[in-house]
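Novice: To be precise about what I am sending: the file is called upload-v8.pdb and holds PDB, C-alpha atoms and all ligand atoms.
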MODEL        1
ATOM      1  CA  MET A   5     126.312 135.256 114.975  1.00  0.00           C
ATOM      2  CA  LYS A   6     123.760 136.566 117.462  1.00  0.00           C
ATOM      3  CA  LYS A   7     123.370 140.320 117.302  1.00  0.00           C
ATOM      4  CA  THR A   8     123.376 141.979 120.699  1.00  0.00           C
ATOM      5  CA  ASN A   9     120.572 144.386 121.457  1.00  0.00           C
ATOM      6  CA  LEU A  10     122.622 146.985 123.248  1.00  0.00           C
ATOM      7  CA  SER A  11     119.543 148.601 124.801  1.00  0.00           C
ATOM      8  CA  ASP A  12     119.318 145.523 127.059  1.00  0.00           C
ATOM      9  CA  TYR A  13     121.761 147.066 129.485  1.00  0.00           C
ATOM     10  CA  ASN A  14     122.196 146.268 133.150  1.00  0.00           C
ATOM     11  CA  PRO A  15     120.753 149.228 135.118  1.00  0.00           C
ATOM     12  CA  ALA A  16     122.929 148.326 138.108  1.00  0.00           C
ATOM     13  CA  GLU A  17     126.022 149.190 136.044  1.00  0.00           C
ATOM     14  CA  VAL A  18     124.808 152.700 135.173  1.00  0.00           C
ATOM     15  CA  PRO A  19     126.114 155.518 137.390  1.00  0.00           C
ATOM     16  CA  ALA A  20     123.582 157.570 139.354  1.00  0.00           C
ATOM     17  CA  GLY A  21     123.042 160.896 137.631  1.00  0.00           C
ATOM     18  CA  ASN A  22     121.648 162.973 140.494  1.00  0.00           C
ATOM     19  CA  GLU A  23     124.694 165.282 140.512  1.00  0.00           C
ATOM     20  CA  TYR A  24     125.063 165.455 136.729  1.00  0.00           C
ATOM     21  CA  ALA A  25     123.820 167.992 134.152  1.00  0.00           C
ATOM     22  CA  VAL A  26     123.260 166.719 130.623  1.00  0.00           C
ATOM     23  CA  GLY A  27     122.445 168.500 127.363  1.00  0.00           C
ATOM     24  CA  VAL A  28     120.447 166.817 124.616  1.00  0.00           C
ATOM     25  CA  VAL A  29     120.527 168.239 121.087  1.00  0.00           C
ATOM     26  CA  VAL A  30     117.993 166.773 118.672  1.00  0.00           C
ATOM     27  CA  ALA A  31     117.829 167.122 114.870  1.00  0.00           C
ATOM     28  CA  GLU A  32     114.405 167.856 113.379  1.00  0.00           C
ATOM     29  CA  TRP A  33     115.003 165.909 110.141  1.00  0.00           C
ATOM     30  CA  ASN A  34     113.246 162.513 110.280  1.00  0.00           C
ATOM     31  CA  ARG A  35     111.494 163.749 113.372  1.00  0.00           C
ATOM     32  CA  GLU A  36     109.401 160.607 113.829  1.00  0.00           C
ATOM     33  CA  ILE A  37     112.681 158.856 114.536  1.00  0.00           C
ATOM     34  CA  THR A  38     114.556 161.570 116.403  1.00  0.00           C
ATOM     35  CA  ASP A  39     111.621 162.246 118.754  1.00  0.00           C
ATOM     36  CA  ALA A  40     111.585 158.543 119.699  1.00  0.00           C
ATOM     37  CA  LEU A  41     115.351 158.559 120.251  1.00  0.00           C
ATOM     38  CA  ALA A  42     115.119 161.738 122.342  1.00  0.00           C
ATOM     39  CA  GLN A  43     112.322 160.253 124.437  1.00  0.00           C
ATOM     40  CA  GLY A  44     114.456 157.185 125.082  1.00  0.00           C
ATOM     41  CA  ALA A  45     117.404 159.340 126.123  1.00  0.00           C
ATOM     42  CA  LEU A  46     115.348 161.617 128.383  1.00  0.00           C
ATOM     43  CA  ASP A  47     113.501 158.732 130.060  1.00  0.00           C
ATOM     44  CA  THR A  48     116.813 156.975 130.720  1.00  0.00           C
ATOM     45  CA  LEU A  49     118.464 160.078 132.186  1.00  0.00           C
ATOM     46  CA  ARG A  50     115.477 160.545 134.521  1.00  0.00           C
ATOM     47  CA  GLU A  51     115.387 156.857 135.482  1.00  0.00           C
ATOM     48  CA  HIS A  52     119.009 157.131 136.547  1.00  0.00           C
ATOM     49  CA  GLY A  53     118.478 160.175 138.714  1.00  0.00           C
ATOM     50  CA  VAL A  54     119.276 163.180 136.536  1.00  0.00           C
ATOM     51  CA  LYS A  55     117.117 165.994 137.882  1.00  0.00           C
ATOM     52  CA  GLU A  56     114.693 167.734 135.539  1.00  0.00           C
ATOM     53  CA  GLU A  57     116.400 171.090 136.097  1.00  0.00           C
ATOM     54  CA  ASN A  58     119.709 169.532 135.079  1.00  0.00           C
ATOM     55  CA  ILE A  59     118.491 168.370 131.673  1.00  0.00           C
ATOM     56  CA  ARG A  60     118.757 170.911 128.800  1.00  0.00           C
ATOM     57  CA  LEU A  61     116.988 170.099 125.540  1.00  0.00           C
ATOM     58  CA  VAL A  62     117.506 171.983 122.269  1.00  0.00           C
ATOM     59  CA  HIS A  63     116.538 171.272 118.667  1.00  0.00           C
ATOM     60  CA  VAL A  64     118.515 171.962 115.499  1.00  0.00           C
ATOM     61  CA  PRO A  65     117.208 171.779 111.899  1.00  0.00           C
ATOM     62  CA  GLY A  66     119.211 168.763 110.683  1.00  0.00           C
ATOM     63  CA  SER A  67     121.947 166.382 111.742  1.00  0.00           C
ATOM     64  CA  PHE A  68     124.577 168.560 110.109  1.00  0.00           C
ATOM     65  CA  GLU A  69     123.815 171.192 112.773  1.00  0.00           C
ATOM     66  CA  LEU A  70     124.262 168.798 115.720  1.00  0.00           C
ATOM     67  CA  THR A  71     127.918 169.742 116.028  1.00  0.00           C
ATOM     68  CA  THR A  72     127.183 173.461 116.238  1.00  0.00           C
ATOM     69  CA  GLY A  73     124.328 172.803 118.660  1.00  0.00           C
ATOM     70  CA  ALA A  74     126.566 170.815 121.002  1.00  0.00           C
ATOM     71  CA  ASP A  75     129.345 173.390 120.746  1.00  0.00           C
ATOM     72  CA  LEU A  76     126.992 176.260 121.609  1.00  0.00           C
ATOM     73  CA  MET A  77     125.479 174.363 124.535  1.00  0.00           C
ATOM     74  CA  LEU A  78     128.870 173.634 126.059  1.00  0.00           C
ATOM     75  CA  LYS A  79     130.146 177.144 125.382  1.00  0.00           C
ATOM     76  CA  ASN A  80     127.173 178.836 127.035  1.00  0.00           C
ATOM     77  CA  ASP A  81     126.504 176.465 129.918  1.00  0.00           C
ATOM     78  CA  LYS A  82     129.598 175.564 131.889  1.00  0.00           C
ATOM     79  CA  GLU A  83     127.521 173.416 134.264  1.00  0.00           C
ATOM     80  CA  LEU A  84     126.906 170.795 131.581  1.00  0.00           C
ATOM     81  CA  ASP A  85     128.803 167.541 132.094  1.00  0.00           C
ATOM     82  CA  ALA A  86     127.987 166.030 128.685  1.00  0.00           C
ATOM     83  CA  VAL A  87     125.887 166.505 125.562  1.00  0.00           C
ATOM     84  CA  ILE A  88     124.024 163.783 123.681  1.00  0.00           C
ATOM     85  CA  CYS A  89     123.631 164.419 119.938  1.00  0.00           C
ATOM     86  CA  ILE A  90     120.569 162.786 118.397  1.00  0.00           C
ATOM     87  CA  GLY A  91     119.881 162.557 114.677  1.00  0.00           C
ATOM     88  CA  CYS A  92     118.895 160.252 111.862  1.00  0.00           C
ATOM     89  CA  VAL A  93     120.437 160.299 108.399  1.00  0.00           C
ATOM     90  CA  ILE A  94     118.838 158.023 105.814  1.00  0.00           C
ATOM     91  CA  GLN A  95     120.691 157.051 102.648  1.00  0.00           C
ATOM     92  CA  GLY A  96     119.263 158.809  99.604  1.00  0.00           C
ATOM     93  CA  GLU A  97     120.194 158.894  95.937  1.00  0.00           C
ATOM     94  CA  THR A  98     122.882 161.543  96.293  1.00  0.00           C
ATOM     95  CA  ARG A  99     126.099 161.729  98.297  1.00  0.00           C
ATOM     96  CA  HIS A 100     124.497 164.009 100.886  1.00  0.00           C
ATOM     97  CA  PHE A 101     124.400 161.083 103.331  1.00  0.00           C
ATOM     98  CA  ASP A 102     128.175 160.608 103.184  1.00  0.00           C
ATOM     99  CA  PHE A 103     128.927 164.284 103.696  1.00  0.00           C
ATOM    100  CA  ILE A 104     126.561 164.629 106.659  1.00  0.00           C
ATOM    101  CA  CYS A 105     127.766 161.440 108.394  1.00  0.00           C
ATOM    102  CA  GLU A 106     131.410 162.381 107.936  1.00  0.00           C
ATOM    103  CA  ALA A 107     130.827 165.953 109.134  1.00  0.00           C
ATOM    104  CA  VAL A 108     128.868 164.889 112.216  1.00  0.00           C
ATOM    105  CA  SER A 109     131.233 162.139 113.326  1.00  0.00           C
ATOM    106  CA  GLN A 110     134.305 164.345 112.885  1.00  0.00           C
ATOM    107  CA  GLY A 111     132.495 167.396 114.273  1.00  0.00           C
ATOM    108  CA  ILE A 112     131.361 165.644 117.445  1.00  0.00           C
ATOM    109  CA  THR A 113     134.887 164.397 118.059  1.00  0.00           C
ATOM    110  CA  ASN A 114     136.228 167.929 117.658  1.00  0.00           C
ATOM    111  CA  VAL A 115     133.632 169.463 120.002  1.00  0.00           C
ATOM    112  CA  ALA A 116     134.368 166.856 122.681  1.00  0.00           C
ATOM    113  CA  LEU A 117     138.095 167.526 122.496  1.00  0.00           C
ATOM    114  CA  LYS A 118     137.617 171.311 122.403  1.00  0.00           C
ATOM    115  CA  HIS A 119     135.442 171.420 125.520  1.00  0.00           C
ATOM    116  CA  GLU A 120     137.013 168.383 127.216  1.00  0.00           C
ATOM    117  CA  LYS A 121     133.562 166.947 127.885  1.00  0.00           C
ATOM    118  CA  PRO A 122     131.851 163.793 126.608  1.00  0.00           C
ATOM    119  CA  VAL A 123     129.776 164.440 123.473  1.00  0.00           C
ATOM    120  CA  ILE A 124     127.777 161.378 122.563  1.00  0.00           C
ATOM    121  CA  PHE A 125     127.113 160.173 119.005  1.00  0.00           C
ATOM    122  CA  SER A 126     123.479 159.024 118.935  1.00  0.00           C
ATOM    123  CA  LEU A 127     123.187 159.381 115.179  1.00  0.00           C
ATOM    124  CA  LEU A 128     121.388 156.719 113.179  1.00  0.00           C
ATOM    125  CA  THR A 129     122.919 156.267 109.732  1.00  0.00           C
ATOM    126  CA  THR A 130     120.665 153.842 107.912  1.00  0.00           C
ATOM    127  CA  ASN A 131     119.865 152.618 104.405  1.00  0.00           C
ATOM    128  CA  ASN A 132     116.125 153.079 104.848  1.00  0.00           C
ATOM    129  CA  MET A 133     113.344 154.108 107.226  1.00  0.00           C
ATOM    130  CA  GLN A 134     112.713 150.556 108.459  1.00  0.00           C
ATOM    131  CA  GLN A 135     116.275 150.235 109.728  1.00  0.00           C
ATOM    132  CA  ALA A 136     115.816 153.542 111.537  1.00  0.00           C
ATOM    133  CA  LEU A 137     112.505 152.423 113.109  1.00  0.00           C
ATOM    134  CA  ASP A 138     114.193 149.191 114.237  1.00  0.00           C
ATOM    135  CA  ARG A 139     116.712 151.288 116.205  1.00  0.00           C
ATOM    136  CA  ALA A 140     114.315 153.898 117.582  1.00  0.00           C
ATOM    137  CA  GLY A 141     112.335 151.649 119.907  1.00  0.00           C
ATOM    138  CA  GLY A 142     112.035 148.655 117.555  1.00  0.00           C
ATOM    139  CA  ARG A 143     113.711 145.271 117.385  1.00  0.00           C
ATOM    140  CA  HIS A 144     117.231 146.671 117.748  1.00  0.00           C
ATOM    141  CA  GLY A 145     116.405 148.748 120.817  1.00  0.00           C
ATOM    142  CA  ASN A 146     116.556 152.511 121.135  1.00  0.00           C
ATOM    143  CA  LYS A 147     119.875 154.201 120.413  1.00  0.00           C
ATOM    144  CA  GLY A 148     118.759 157.207 122.455  1.00  0.00           C
ATOM    145  CA  VAL A 149     118.644 154.989 125.542  1.00  0.00           C
ATOM    146  CA  GLU A 150     122.155 153.802 124.737  1.00  0.00           C
ATOM    147  CA  GLY A 151     123.304 157.396 124.261  1.00  0.00           C
ATOM    148  CA  ALA A 152     122.056 158.317 127.738  1.00  0.00           C
ATOM    149  CA  VAL A 153     123.728 155.303 129.340  1.00  0.00           C
ATOM    150  CA  THR A 154     126.960 156.172 127.526  1.00  0.00           C
ATOM    151  CA  ALA A 155     126.766 159.788 128.705  1.00  0.00           C
ATOM    152  CA  LEU A 156     126.343 158.766 132.359  1.00  0.00           C
ATOM    153  CA  LYS A 157     129.230 156.297 132.155  1.00  0.00           C
ATOM    154  CA  MET A 158     131.511 158.838 130.488  1.00  0.00           C
ATOM    155  CA  ILE A 159     130.682 161.583 133.001  1.00  0.00           C
ATOM    156  CA  LYS A 160     131.513 159.232 135.859  1.00  0.00           C
ATOM    157  CA  MET A 161     134.758 158.222 134.206  1.00  0.00           C
ATOM    158  CA  GLN A 162     135.771 161.847 133.684  1.00  0.00           C
ATOM    159  CA  LYS A 163     134.980 162.813 137.280  1.00  0.00           C
ATOM    160  CA  GLU A 164     136.954 159.855 138.614  1.00  0.00           C
ATOM    161  CA  LEU A 165     139.970 160.715 136.479  1.00  0.00           C
ATOM    162  CA  GLU A 166     139.901 164.370 137.492  1.00  0.00           C
ATOM    163  CA  ASN A 167     139.572 163.767 141.239  1.00  0.00           C
TER     164      ASN A 167
HETATM  165  C1  LIG A 201     119.616 168.001 103.509  1.00  0.00           C
HETATM  166  C2  LIG A 201     119.449 166.796 104.354  1.00  0.00           C
HETATM  167  C3  LIG A 201     119.225 165.537 103.768  1.00  0.00           C
HETATM  168  C4  LIG A 201     119.168 165.335 102.280  1.00  0.00           C
HETATM  169  N1  LIG A 201     119.027 164.439 104.505  1.00  0.00           N
HETATM  170  C5  LIG A 201     119.059 164.554 105.869  1.00  0.00           C
HETATM  171  C6  LIG A 201     118.868 163.415 106.682  1.00  0.00           C
HETATM  172  O1  LIG A 201     118.602 162.296 106.240  1.00  0.00           O
HETATM  173  N2  LIG A 201     118.921 163.595 108.041  1.00  0.00           N
HETATM  174  C7  LIG A 201     119.193 164.809 108.609  1.00  0.00           C
HETATM  175  O2  LIG A 201     119.250 164.894 109.849  1.00  0.00           O
HETATM  176  N3  LIG A 201     119.368 165.892 107.845  1.00  0.00           N
HETATM  177  C8  LIG A 201     119.300 165.811 106.507  1.00  0.00           C
HETATM  178  N4  LIG A 201     119.480 166.919 105.730  1.00  0.00           N
HETATM  179  C9  LIG A 201     119.628 168.240 106.395  1.00  0.00           C
HETATM  180  C10 LIG A 201     121.079 168.560 106.829  1.00  0.00           C
HETATM  181  O3  LIG A 201     121.410 167.843 108.011  1.00  0.00           O
HETATM  182  C11 LIG A 201     121.221 170.084 107.143  1.00  0.00           C
HETATM  183  O4  LIG A 201     120.212 170.475 108.035  1.00  0.00           O
HETATM  184  C12 LIG A 201     121.116 170.936 105.881  1.00  0.00           C
HETATM  185  O5  LIG A 201     122.031 170.499 104.909  1.00  0.00           O
HETATM  186  C13 LIG A 201     121.383 172.427 106.221  1.00  0.00           C
HETATM  187  O6  LIG A 201     122.720 172.602 106.712  1.00  0.00           O
ENDMDL
END
Before we go any further, please render this structure as structure tokens.
Ligand code: DLZ

Specialist:
Amino acid sequence: MKKTNLSDYNPAEVPAGNEYAVGVVVAEWNREITDALAQGALDTLREHGVKEENIRLVHVPGSFELTTGADLMLKNDKELDAVICIGCVIQGETRHFDFICEAVSQGITNVALKHEKPVIFSLLTTNNMQQALDRAGGRHGNKGVEGAVTALKMIKMQKELEN
């Protein structure tokens, strides 16, 4: 079965972001990867019209802290329409991987429901560094780009439902 490279999206289907404000929270662990994902997300937000002054970027130490970072951003900045959480967890020899992935996926869901805003899961959970590189601008696209596209689509959906 052919695997779809989801970063090959149709730009015409992405909502214009000129009226939107978006937070981006980036984990510093595996920074080579998370910087590439963040760059993809930021470039995509700008390409689709999000103004520089409406993009807020913060860093947290590791992926486990993404949930708290997103929560604090939404709590302290009521203008934000969505937050994109960017991290990379690579399978090691201990069960740390499982605990972090579980905490982040559940945590992001909880933050989104608490603030009633889209919180986007741009977390790579890979077996090794090569799989992460493949998804951070490599042969499987850039999951930060996909996170930005998802954020813009979700913001539009929310605004349509609330109007
Ligand atoms: C401790 C840890 C480990 C082992 N691996 C990763 C990882 O692959 N990716 C990541 O983003 N963070 C990792 N961390 C750090 C945790 O996310 C967290 O920052 C610490 O446990 C402190 O709460």

Novice: With all atoms listed in the file counted, collect every polymer residue having an atom within 7 Å of ligand LIG 201 (chain A); state the result as a PyMOL selection string.

Specialist: chain A and resi 31-34+65-69+91-95+100-101+104

Novice: CA of Gln43 (chain A) to CA of Val149 (chain A): how many Å, to one decimal?

Specialist: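 Separation of CA of Gln43 (chain A) and CA of Val149 (chain A): 8.3 Å.
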
Novice: Selected by the PyMOL selection byres (((chain A and resi 41) around 7) and not hetatm) in the shown coordinates: which residues, as a VMD selection string?

Specialist: chain A and resid 37 to 40 42 to 45 90 140 146 to 148

Novice: Got a sec to resolve the PyMOL selection byres (((chain A and resi 158-164) around 10) and not hetatm) on this structure and send the residues as a ChimeraX atom specification?

Specialist: /A:18-21,24-26,85-86,120-124,152-157,165-167

Novice: Selection from above, C-alpha atoms, as a compact mmCIF listing (two decimals), in the frame of the given file, can you write it?

Specialist:
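That gives us part_35.txt:
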# COMPACT_ATOMS: atom_id res chain seq x y z
CA VAL A 18 124.81 152.70 135.17
CA PRO A 19 126.11 155.52 137.39
CA ALA A 20 123.58 157.57 139.35
CA GLY A 21 123.04 160.90 137.63
CA TYR A 24 125.06 165.46 136.73
CA ALA A 25 123.82 167.99 134.15
CA VAL A 26 123.26 166.72 130.62
CA ASP A 85 128.80 167.54 132.09
CA ALA A 86 127.99 166.03 128.68
CA GLU A 120 137.01 168.38 127.22
CA LYS A 121 133.56 166.95 127.88
CA PRO A 122 131.85 163.79 126.61
CA VAL A 123 129.78 164.44 123.47
CA ILE A 124 127.78 161.38 122.56
CA ALA A 152 122.06 158.32 127.74
CA VAL A 153 123.73 155.30 129.34
CA THR A 154 126.96 156.17 127.53
CA ALA A 155 126.77 159.79 128.71
CA LEU A 156 126.34 158.77 132.36
CA LYS A 157 129.23 156.30 132.16
CA LEU A 165 139.97 160.72 136.48
CA GLU A 166 139.90 164.37 137.49
CA ASN A 167 139.57 163.77 141.24

Novice: Can you work out which one of A:Met77, A:Leu70, A:Val29, A:Asn58 has the shortest atom-to-atom distance to Ile112 (chain A), counting all atoms listed in the file?

Specialist: A:Leu70

Novice: What's the separation between CA of Arg139 (chain A) and CA of Cys105 (chain A), in Å to one decimal place?

Specialist: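 Atom-to-atom, CA of Arg139 (chain A) to CA of Cys105 (chain A), that is 16.9 Å.
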
Novice: Go through A:Thr129, A:Ile88, A:Asp12, A:Glu51 one by one, measure the shortest atom-to-atom distance of each to Gly73 (chain A) using only C-alpha atoms, and give the residue with the smallest value.

Specialist: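 Under the stated criterion, the closest residue is A:Ile88.
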
Novice: Under the rule that all atoms listed in the file are counted, which of A:Leu127, A:Thr48, A:Gly141, A:Asn14 is the nearest residue to Val108 (chain A)?

Specialist: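 Ranking A:Leu127, A:Thr48, A:Gly141, A:Asn14 by distance to Val108 (chain A), first place goes to A:Leu127.
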
Novice: Counting all atoms listed in the file, which of A:Arg99, A:Arg50, A:Lys118, A:Arg35 gets nearest to Leu76 (chain A)?

Specialist: A:Lys118

Novice: Quick one, how far is CA of Gln135 (chain A) from CA of Gly27 (chain A)?

Specialist: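 If I compute the distance from CA of Gln135 (chain A) to CA of Gly27 (chain A), I get 26.1 Å.
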
Novice: Taking all atoms listed in the file into account, which of A:Glu36, A:Asn80, A:Glu23, A:Arg143 comes nearest Glu56 (chain A)?

Specialist: A:Glu23

Novice: Using the incomplete input, complete region 54-70 of chain A to the level of N, CA and C atoms; output as a CSV table (one decimal), keeping the file's coordinate frame.

Specialist:
chain,number,residue,atom,x,y,z
A,54,VAL,N,119.0,161.8,137.0
A,54,VAL,CA,119.3,163.2,136.5
A,54,VAL,C,118.0,164.0,136.8
A,55,LYS,N,118.3,165.1,137.5
A,55,LYS,CA,117.1,166.0,137.9
A,55,LYS,C,116.6,166.8,136.7
A,56,GLU,N,115.3,167.0,136.7
A,56,GLU,CA,114.7,167.7,135.5
A,56,GLU,C,115.4,169.1,135.2
A,57,GLU,N,115.8,169.8,136.3
A,57,GLU,CA,116.4,171.1,136.1
A,57,GLU,C,117.8,171.0,135.6
A,58,ASN,N,118.3,169.8,135.6
A,58,ASN,CA,119.7,169.5,135.1
A,58,ASN,C,119.7,168.9,133.7
A,59,ILE,N,118.6,168.9,133.1
A,59,ILE,CA,118.5,168.4,131.7
A,59,ILE,C,118.2,169.6,130.8
A,60,ARG,N,119.0,169.8,129.8
A,60,ARG,CA,118.8,170.9,128.8
A,60,ARG,C,118.5,170.3,127.4
A,61,LEU,N,117.4,170.7,126.8
A,61,LEU,CA,117.0,170.1,125.5
A,61,LEU,C,116.9,171.2,124.5
A,62,VAL,N,117.6,171.0,123.4
A,62,VAL,CA,117.5,172.0,122.3
A,62,VAL,C,117.3,171.2,121.0
A,63,HIS,N,116.7,171.9,120.0
A,63,HIS,CA,116.5,171.3,118.7
A,63,HIS,C,117.3,172.1,117.6
A,64,VAL,N,117.8,171.3,116.6
A,64,VAL,CA,118.5,172.0,115.5
A,64,VAL,C,117.8,171.5,114.2
A,65,PRO,N,118.0,172.2,113.1
A,65,PRO,CA,117.2,171.8,111.9
A,65,PRO,C,117.6,170.4,111.4
A,66,GLY,N,118.8,170.1,111.2
A,66,GLY,CA,119.2,168.8,110.7
A,66,GLY,C,120.4,168.2,111.4
A,67,SER,N,120.8,167.0,111.1
A,67,SER,CA,121.9,166.4,111.7
A,67,SER,C,123.2,167.2,111.5
A,68,PHE,N,123.4,167.8,110.4
A,68,PHE,CA,124.6,168.6,110.1
A,68,PHE,C,124.8,169.6,111.2
A,69,GLU,N,123.7,170.1,111.8
A,69,GLU,CA,123.8,171.2,112.8
A,69,GLU,C,124.0,170.7,114.2
A,70,LEU,N,124.1,169.4,114.4
A,70,LEU,CA,124.3,168.8,115.7
A,70,LEU,C,125.6,169.3,116.3
